[in-house]
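Below: one structure, written as structure tokens.
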Amino acid sequence: MSPRAPRSTRIGVAIGDPNGIGPEIAVRAALALHEAEGTRCLLFAEHWLIAAVCERLAIDPAAAQRAFEVRHCGALAPGDWQPGAVSAAAGAATVAYVRAAVDAERAGEIGAVGAAPHCEAAVNASGRPFSGYSGLLAELLGLPAGRAHLFLEACGLRVVHATLHESVRAAAARLRPEMVLAAARAARDTLLSWGVAEPRLCVVGINPHAGENGLFGDEDEDVTKPAVQAMRALGWRVDGPLAADVALSERRHDAYVAMLHDQGHIAVKMLCPKGATAWVAGIPLRFASVGHGAAFDIAGQGRADATALSDTLVLLHRVLHTP
């Protein structure tokens with residue numbers, strides 16, 4: 001990796017899958033952030049695409065110019081812009097927008113990246129193995145895939161994931177204490193950077209009731225308990241392993257370490273269906289996306305709700321201005 005340039009407080013926005021709702025919500029979220037904070041975002045997209053979206057949404061060109069600048073990526077041909085369609089061309093463009101944003105952050109042009117939703121099927125159709133932004137960012141930054149962890153935040157609930165986009169069988173077989181420790185470290189470091197002093201963590205169990213001391217399986221005896229012991233040896237404030245349903249419902253901790261995708265996602269989305277921020281923790285880059293998908297069924301119709309991306313940009317703005 002090249003040396004990091006001086007920190008900027010400007011936010012870049014990668015528009016995600018151009019055939020989804022990403023372009024619409026990127027424009028609306030940038031407008032909202034400018035209105036609230038006076039910040040002018042840098043959108044990574046196509047000039048012609050953003051112009052077309054602004055026209056469809058009846059956005060005043062002068063207001064758009066004040067709120068954001070567009071970095072033309074040349075990643076999508078006009079004929080490949082087909083709102084609502086899952087396509088390899090759109091998947092390749094999704095990656096190109098993120099790559100351009102990461103390069104801009106490394107160069108010091110921006111201090112953080114907010115990203116609209118991707119489509120895993122589209123990116124994989126382009127020939128690139130892809131299971132989410134976390135793994136892509138680790139690759140682009142030259143880091144091991146295990147360094148990047150999805151860290152969801154919504155309505156005060158924060159959940160980091162030890163495993164993510166894989167089958168439950170594969171995830172359970174792969175889990176090791178060091179993976180749980182790595183996810184917890186990523187969450188703790190992120191919270192410290194947000195100004196949370198001495199974060200209090202909670203590790204949730206793999207099995208119901210965190211295994212009931214082996215009654216419901218020995219996975220927690222072998223994985224989560226040793227991980228918690230290692231965290232305590234480091235002097236961290238941590239509880240667990242605790243039953244996931246009880247721990248996540250009580251919300252007494254600064255962050256929770258979930259073992260499986262649905263443990264964290266269901267809790268966050270039940271609490272705040274359209275307002276979740278998906279932070280990528282454990283990497284030397286401030287990057288956050290949203291907790292929902294590309295919504296192809298309403299793409300291009302001007303009906304997309306930009307709340308989650310707006311909340312994400314506000315969080316990034318707050319983090320960039322934290323002393």
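Convention: chains lettered A, B, ... in structure tokens order; per-chain residue numbering from 1; ligands numbered from 1 as shown.
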
Enumerate the residues of segment 88-228 of chain A with a DSSP assignment of helix (DSSP H, G or I), computed from the backbone, and present them as a compact mmCIF listing (two decimals) with N, CA and C atoms, in the first residue's frame.
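New file out16.txt:
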# COMPACT_ATOMS: atom_id res chain seq x y z
N ALA A 88 -23.83 -8.32 -15.44
CA ALA A 88 -22.38 -8.36 -15.22
C ALA A 88 -21.76 -6.99 -15.39
N ALA A 89 -22.26 -6.20 -16.35
CA ALA A 89 -21.70 -4.87 -16.58
C ALA A 89 -21.89 -3.98 -15.36
N ALA A 90 -23.07 -4.05 -14.77
CA ALA A 90 -23.33 -3.25 -13.57
C ALA A 90 -22.49 -3.75 -12.39
N GLY A 91 -22.30 -5.07 -12.31
CA GLY A 91 -21.47 -5.62 -11.25
C GLY A 91 -20.03 -5.16 -11.35
N ALA A 92 -19.49 -5.14 -12.57
CA ALA A 92 -18.12 -4.67 -12.77
C ALA A 92 -18.01 -3.18 -12.42
N ALA A 93 -19.03 -2.42 -12.77
CA ALA A 93 -19.03 -0.99 -12.45
C ALA A 93 -19.05 -0.76 -10.94
N THR A 94 -19.80 -1.58 -10.22
CA THR A 94 -19.86 -1.47 -8.76
C THR A 94 -18.46 -1.53 -8.16
N VAL A 95 -17.68 -2.49 -8.61
CA VAL A 95 -16.30 -2.65 -8.12
C VAL A 95 -15.45 -1.46 -8.53
N ALA A 96 -15.64 -0.98 -9.75
CA ALA A 96 -14.85 0.15 -10.23
C ALA A 96 -15.09 1.40 -9.40
N TYR A 97 -16.33 1.63 -8.99
CA TYR A 97 -16.65 2.81 -8.18
C TYR A 97 -15.96 2.73 -6.82
N VAL A 98 -15.98 1.54 -6.21
CA VAL A 98 -15.33 1.38 -4.91
C VAL A 98 -13.82 1.53 -5.06
N ARG A 99 -13.26 0.95 -6.11
CA ARG A 99 -11.81 1.06 -6.32
C ARG A 99 -11.40 2.53 -6.47
N ALA A 100 -12.17 3.29 -7.23
CA ALA A 100 -11.86 4.70 -7.44
C ALA A 100 -11.96 5.47 -6.13
N ALA A 101 -12.95 5.12 -5.31
CA ALA A 101 -13.11 5.80 -4.03
C ALA A 101 -11.96 5.48 -3.08
N VAL A 102 -11.55 4.22 -3.06
CA VAL A 102 -10.42 3.82 -2.21
C VAL A 102 -9.15 4.55 -2.66
N ASP A 103 -8.92 4.62 -3.96
CA ASP A 103 -7.74 5.35 -4.47
C ASP A 103 -7.78 6.82 -4.06
N ALA A 104 -8.95 7.42 -4.11
CA ALA A 104 -9.09 8.83 -3.72
C ALA A 104 -8.82 9.01 -2.23
N GLU A 105 -9.27 8.05 -1.43
CA GLU A 105 -9.02 8.13 0.01
C GLU A 105 -7.53 7.99 0.30
N ARG A 106 -6.87 7.06 -0.39
CA ARG A 106 -5.44 6.88 -0.18
C ARG A 106 -4.66 8.12 -0.59
N GLU A 120 -24.48 -8.92 -5.07
CA GLU A 120 -23.46 -9.96 -5.13
C GLU A 120 -23.57 -10.79 -6.41
N ALA A 121 -24.79 -11.07 -6.85
CA ALA A 121 -24.96 -11.85 -8.07
C ALA A 121 -24.39 -11.12 -9.28
N ALA A 122 -24.58 -9.80 -9.34
CA ALA A 122 -24.08 -9.03 -10.47
C ALA A 122 -22.57 -9.01 -10.49
N VAL A 123 -21.95 -8.78 -9.34
CA VAL A 123 -20.48 -8.74 -9.31
C VAL A 123 -19.90 -10.10 -9.65
N ASN A 124 -20.47 -11.18 -9.12
CA ASN A 124 -19.97 -12.51 -9.45
C ASN A 124 -20.16 -12.83 -10.93
N ALA A 125 -21.24 -12.33 -11.52
CA ALA A 125 -21.46 -12.54 -12.96
C ALA A 125 -20.39 -11.88 -13.81
N TYR A 133 -18.71 -6.02 0.44
CA TYR A 133 -17.71 -4.97 0.43
C TYR A 133 -16.51 -5.29 1.33
N SER A 134 -16.73 -5.99 2.44
CA SER A 134 -15.65 -6.24 3.38
C SER A 134 -14.47 -6.96 2.73
N GLY A 135 -14.76 -8.07 2.05
CA GLY A 135 -13.70 -8.82 1.40
C GLY A 135 -13.05 -8.04 0.27
N LEU A 136 -13.84 -7.28 -0.49
CA LEU A 136 -13.29 -6.47 -1.58
C LEU A 136 -12.32 -5.43 -1.03
N LEU A 137 -12.69 -4.77 0.06
CA LEU A 137 -11.82 -3.75 0.64
C LEU A 137 -10.52 -4.35 1.14
N ALA A 138 -10.59 -5.51 1.78
CA ALA A 138 -9.36 -6.17 2.23
C ALA A 138 -8.45 -6.43 1.04
N GLU A 139 -9.03 -6.89 -0.06
CA GLU A 139 -8.25 -7.17 -1.27
C GLU A 139 -7.62 -5.88 -1.82
N LEU A 140 -8.42 -4.83 -1.94
CA LEU A 140 -7.91 -3.58 -2.51
C LEU A 140 -6.83 -2.95 -1.64
N ALA A 145 -8.19 -11.35 4.15
CA ALA A 145 -9.65 -11.21 4.18
C ALA A 145 -10.19 -11.18 5.61
N GLY A 146 -9.53 -11.88 6.53
CA GLY A 146 -10.00 -11.93 7.91
C GLY A 146 -9.82 -10.64 8.68
N ARG A 147 -9.18 -9.63 8.09
CA ARG A 147 -8.98 -8.36 8.78
C ARG A 147 -10.22 -7.47 8.69
N VAL A 168 -24.50 -21.69 7.16
CA VAL A 168 -24.37 -21.88 8.61
C VAL A 168 -23.43 -23.05 8.89
N ARG A 169 -23.55 -24.11 8.10
CA ARG A 169 -22.69 -25.28 8.31
C ARG A 169 -21.22 -24.91 8.14
N ALA A 170 -20.92 -24.17 7.07
CA ALA A 170 -19.53 -23.79 6.81
C ALA A 170 -19.01 -22.84 7.88
N ALA A 171 -19.85 -21.88 8.28
CA ALA A 171 -19.43 -20.91 9.28
C ALA A 171 -19.14 -21.59 10.61
N ALA A 172 -20.04 -22.47 11.04
CA ALA A 172 -19.86 -23.15 12.32
C ALA A 172 -18.61 -24.02 12.33
N ALA A 173 -18.33 -24.64 11.18
CA ALA A 173 -17.16 -25.51 11.09
C ALA A 173 -15.86 -24.70 11.08
N ARG A 174 -15.93 -23.47 10.61
CA ARG A 174 -14.73 -22.65 10.45
C ARG A 174 -14.41 -21.80 11.68
N PRO A 177 -11.51 -19.56 18.07
CA PRO A 177 -11.40 -18.46 19.04
C PRO A 177 -10.71 -17.22 18.49
N GLU A 178 -9.67 -17.43 17.67
CA GLU A 178 -8.95 -16.28 17.13
C GLU A 178 -9.79 -15.45 16.17
N MET A 179 -10.77 -16.07 15.50
CA MET A 179 -11.68 -15.32 14.63
C MET A 179 -12.60 -14.43 15.46
N VAL A 180 -13.08 -14.96 16.56
CA VAL A 180 -13.95 -14.18 17.45
C VAL A 180 -13.15 -13.02 18.05
N LEU A 181 -11.92 -13.29 18.45
CA LEU A 181 -11.07 -12.25 19.01
C LEU A 181 -10.79 -11.16 17.98
N ALA A 182 -10.54 -11.54 16.72
CA ALA A 182 -10.25 -10.56 15.67
C ALA A 182 -11.46 -9.66 15.42
N ALA A 183 -12.65 -10.24 15.40
CA ALA A 183 -13.85 -9.43 15.19
C ALA A 183 -14.06 -8.48 16.36
N ALA A 184 -13.86 -8.97 17.57
CA ALA A 184 -14.02 -8.11 18.74
C ALA A 184 -13.00 -6.99 18.75
N ARG A 185 -11.78 -7.29 18.34
CA ARG A 185 -10.74 -6.26 18.30
C ARG A 185 -11.11 -5.18 17.29
N ALA A 186 -11.62 -5.59 16.13
CA ALA A 186 -12.02 -4.62 15.11
C ALA A 186 -13.11 -3.70 15.63
N ALA A 187 -14.10 -4.28 16.32
CA ALA A 187 -15.18 -3.47 16.88
C ALA A 187 -14.66 -2.54 17.97
N ARG A 188 -13.83 -3.05 18.84
CA ARG A 188 -13.31 -2.25 19.94
C ARG A 188 -12.48 -1.07 19.42
N ASP A 189 -11.60 -1.34 18.47
CA ASP A 189 -10.78 -0.27 17.90
C ASP A 189 -11.64 0.79 17.22
N THR A 190 -12.70 0.34 16.56
CA THR A 190 -13.61 1.29 15.90
C THR A 190 -14.30 2.17 16.93
N LEU A 191 -14.79 1.56 17.99
CA LEU A 191 -15.47 2.33 19.04
C LEU A 191 -14.52 3.34 19.70
N LEU A 192 -13.29 2.93 19.92
CA LEU A 192 -12.31 3.86 20.49
C LEU A 192 -12.09 5.05 19.56
N SER A 193 -12.06 4.78 18.24
CA SER A 193 -11.87 5.87 17.28
C SER A 193 -13.08 6.79 17.22
N PRO A 208 -28.01 -22.17 21.06
CA PRO A 208 -29.01 -21.62 21.97
C PRO A 208 -28.49 -21.64 23.40
N HIS A 209 -28.77 -20.57 24.16
CA HIS A 209 -28.34 -20.45 25.56
C HIS A 209 -26.82 -20.53 25.69
N ALA A 210 -26.10 -20.19 24.59
CA ALA A 210 -24.63 -20.28 24.58
C ALA A 210 -24.16 -21.69 24.95
N GLY A 211 -24.99 -22.68 24.56
CA GLY A 211 -24.61 -24.08 24.73
C GLY A 211 -24.98 -24.72 26.05
N GLU A 219 -19.65 -26.43 20.86
CA GLU A 219 -19.01 -25.36 20.08
C GLU A 219 -18.63 -24.15 20.93
N ASP A 220 -19.51 -23.77 21.86
CA ASP A 220 -19.19 -22.61 22.69
C ASP A 220 -18.08 -22.92 23.69
N GLU A 221 -18.01 -24.17 24.14
CA GLU A 221 -16.91 -24.57 25.01
C GLU A 221 -15.57 -24.45 24.29
N ASP A 222 -15.58 -24.75 22.98
CA ASP A 222 -14.34 -24.78 22.21
C ASP A 222 -13.98 -23.44 21.56
N THR A 224 -16.23 -19.86 21.77
CA THR A 224 -16.54 -18.55 22.34
C THR A 224 -15.96 -18.37 23.76
N LYS A 225 -15.98 -19.42 24.57
CA LYS A 225 -15.43 -19.28 25.92
C LYS A 225 -13.93 -18.98 25.92
N PRO A 226 -13.13 -19.72 25.13
CA PRO A 226 -11.70 -19.36 25.07
C PRO A 226 -11.47 -17.96 24.51
N ALA A 227 -12.31 -17.52 23.57
CA ALA A 227 -12.16 -16.18 23.01
C ALA A 227 -12.40 -15.11 24.08
N VAL A 228 -13.44 -15.31 24.89
CA VAL A 228 -13.74 -14.35 25.96
C VAL A 228 -12.61 -14.34 26.98

Problem set entry | All strand (DSSP E or B) positions in segment 68-295 of chain A, as a VMD selection string | chain A and resid 68 to 72 112 to 115 149 to 154 157 to 161 200 to 204 237 to 242 255 to 258 277 to 281 287 to 290

For this session: Tell me, as a count of residues only, which residues lie within 12 Å of Leu309 of chain A, counting only C-alpha atoms; anything in the same chain fewer than 5 positions away does not count.
Result: 40

Exercise. For Gln229 of chain A, which of A:Ala112, A:Ala255, A:Leu285, A:Val203 is the closest residue, counting only C-alpha atoms?
Worked result: A:Val203

Exercise. Skipping near chain neighbours, those fewer than 4 positions away, what residues fall within 10 Å of segment 63-66 of chain A using only C-alpha atoms, listed as a list of chain:residue names?
Worked result: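 Listing them by chain and then by number gives A:Val27, A:Arg28, A:Ala30, A:Leu31, A:His34, A:Glu35, A:Gly38, A:Thr39, A:Arg40, A:Cys41, A:Ile50, A:Ala51, A:Cys54, A:Ile59, A:Val70.
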
Preceding selection exported with N, CA and C atoms as an mmCIF file, in the first residue's frame:
data_model
loop_
_atom_site.group_PDB
_atom_site.id
_atom_site.type_symbol
_atom_site.label_atom_id
_atom_site.label_comp_id
_atom_site.auth_asym_id
_atom_site.auth_seq_id
_atom_site.Cartn_x
_atom_site.Cartn_y
_atom_site.Cartn_z
ATOM 1 N N VAL A 27 -27.591 10.453 -4.579
ATOM 2 C CA VAL A 27 -27.889 11.855 -4.851
ATOM 3 C C VAL A 27 -28.683 12.465 -3.702
ATOM 4 N N ARG A 28 -29.717 11.781 -3.266
ATOM 5 C CA ARG A 28 -30.563 12.320 -2.201
ATOM 6 C C ARG A 28 -29.799 12.443 -0.878
ATOM 7 N N ALA A 30 -26.547 12.826 -0.493
ATOM 8 C CA ALA A 30 -25.572 13.912 -0.615
ATOM 9 C C ALA A 30 -26.252 15.271 -0.451
ATOM 10 N N LEU A 31 -27.424 15.401 -1.036
ATOM 11 C CA LEU A 31 -28.191 16.650 -0.882
ATOM 12 C C LEU A 31 -28.553 16.886 0.583
ATOM 13 N N HIS A 34 -25.476 17.931 2.628
ATOM 14 C CA HIS A 34 -25.107 19.317 2.353
ATOM 15 C C HIS A 34 -26.043 20.278 3.073
ATOM 16 N N GLU A 35 -27.321 19.970 3.053
ATOM 17 C CA GLU A 35 -28.290 20.834 3.713
ATOM 18 C C GLU A 35 -28.065 20.872 5.223
ATOM 19 N N GLY A 38 -23.498 21.385 5.355
ATOM 20 C CA GLY A 38 -22.745 22.227 4.439
ATOM 21 C C GLY A 38 -21.602 21.506 3.757
ATOM 22 N N THR A 39 -21.594 20.181 3.839
ATOM 23 C CA THR A 39 -20.525 19.362 3.262
ATOM 24 C C THR A 39 -20.821 19.018 1.807
ATOM 25 N N ARG A 40 -19.809 19.127 0.943
ATOM 26 C CA ARG A 40 -19.962 18.789 -0.476
ATOM 27 C C ARG A 40 -19.285 17.444 -0.725
ATOM 28 N N CYS A 41 -20.070 16.448 -1.082
ATOM 29 C CA CYS A 41 -19.561 15.095 -1.302
ATOM 30 C C CYS A 41 -18.923 14.948 -2.686
ATOM 31 N N ILE A 50 -25.545 10.365 -13.380
ATOM 32 C CA ILE A 50 -26.007 11.226 -12.296
ATOM 33 C C ILE A 50 -26.865 12.360 -12.842
ATOM 34 N N ALA A 51 -26.496 12.891 -14.011
ATOM 35 C CA ALA A 51 -27.308 13.945 -14.629
ATOM 36 C C ALA A 51 -28.704 13.421 -14.938
ATOM 37 N N CYS A 54 -30.695 12.999 -11.655
ATOM 38 C CA CYS A 54 -31.154 14.302 -11.139
ATOM 39 C C CYS A 54 -32.340 14.820 -11.955
ATOM 40 N N ILE A 59 -34.364 17.355 -9.551
ATOM 41 C CA ILE A 59 -33.456 18.063 -8.653
ATOM 42 C C ILE A 59 -32.859 19.261 -9.386
ATOM 43 N N VAL A 70 -19.084 15.116 -9.169
ATOM 44 C CA VAL A 70 -19.070 13.750 -9.692
ATOM 45 C C VAL A 70 -17.691 13.434 -10.259
#

Problem set entry | Pick from A:Val319, A:Leu49, A:Cys155, A:Leu57 nearest to Leu76 of chain A, counting only C-alpha atoms | A:Leu49

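Atom to atom, atom CA of Ala45 of chain A and atom CA of Gly20 of chain A stand 13.1 Å apart.
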
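Atom CA of His118 of chain A sits 18.8 Å away from atom CA of His161 of chain A.
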
Problem set entry | Point-to-point distance in Å for atom CA of Val159 of chain A and atom CA of Leu320 of chain A | 21.1 Å

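Each of A:Ser126, A:Asn213, A:Gln301, A:Ser310 was checked against Arg56 of chain A using only C-alpha atoms; the smallest atom-to-atom distance is that of A:Gln301.
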
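Checking A:Ile110, A:Leu201, A:Leu175, A:Ala230 one by one against Arg286 of chain A, counting only C-alpha atoms, you find the shortest gap at A:Ile110.
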
For this session: Can you work out which one of A:Arg251, A:His149, A:His72, A:His47 has the shortest atom-to-atom distance to Thr163 of chain A, counting only C-alpha atoms?
Result: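 Once distances to Thr163 of chain A are computed over only C-alpha atoms, the minimum belongs to A:His149.
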
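Excluding Glu250 of chain A itself and same-chain residues fewer than 6 positions from it, the residues having an atom within 12 Å of it are A:Gly156, A:Leu157, A:Cys202, A:Leu242, A:Ala243, A:Ala244, A:Tyr256, A:Ala267, counting only C-alpha atoms.
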
Selected residues, N, CA and C atoms, written as a CSV table (one decimal), in the first residue's frame, please.
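Done, and the output landed in part.csv:
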chain,number,residue,atom,x,y,z
A,156,GLY,N,-28.6,2.7,18.0
A,156,GLY,CA,-27.8,2.5,19.2
A,156,GLY,C,-27.3,1.0,19.4
A,157,LEU,N,-27.8,0.1,18.5
A,157,LEU,CA,-27.3,-1.3,18.6
A,157,LEU,C,-26.2,-1.5,17.6
A,202,CYS,N,-19.8,-7.6,24.3
A,202,CYS,CA,-20.5,-8.9,24.7
A,202,CYS,C,-20.4,-9.9,23.5
A,242,LEU,N,-22.9,-15.2,26.0
A,242,LEU,CA,-24.3,-15.1,26.5
A,242,LEU,C,-25.3,-15.5,25.4
A,243,ALA,N,-26.4,-15.9,25.8
A,243,ALA,CA,-27.5,-16.3,24.8
A,243,ALA,C,-27.7,-15.1,23.9
A,244,ALA,N,-27.7,-15.3,22.6
A,244,ALA,CA,-27.8,-14.2,21.7
A,244,ALA,C,-29.2,-13.5,21.8
A,256,TYR,N,-21.8,-5.9,20.2
A,256,TYR,CA,-21.9,-7.3,20.4
A,256,TYR,C,-21.2,-8.0,19.3
A,267,ALA,N,-31.5,-8.9,14.3
A,267,ALA,CA,-31.7,-8.0,15.4
A,267,ALA,C,-31.7,-6.6,15.0

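With only C-alpha atoms as the atoms that count, the minimum distance from Pro199 of chain A to the choices A:Arg237, A:Arg158, A:His165, A:Lys269 is reached by A:Arg237.
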
For this session: Quick one: everything within 6 Å of Pro83 of chain A, counting only C-alpha atoms, minus sequence neighbours fewer than 2 positions away in the same chain. Send it as a PyMOL selection string.
Result: chain A and resi 19-20+85+299-300

With C-alpha atoms retained, could you export that selection as an mmCIF file, in the first residue's frame?
data_model
loop_
_atom_site.group_PDB
_atom_site.id
_atom_site.type_symbol
_atom_site.label_atom_id
_atom_site.label_comp_id
_atom_site.auth_asym_id
_atom_site.auth_seq_id
_atom_site.Cartn_x
_atom_site.Cartn_y
_atom_site.Cartn_z
ATOM 1 C CA ASN A 19 -28.956 -0.650 -11.942
ATOM 2 C CA GLY A 20 -30.275 -0.621 -8.388
ATOM 3 C CA ALA A 85 -31.690 -5.517 -14.240
ATOM 4 C CA ALA A 299 -34.951 1.028 -9.156
ATOM 5 C CA GLY A 300 -35.330 4.006 -11.464
#
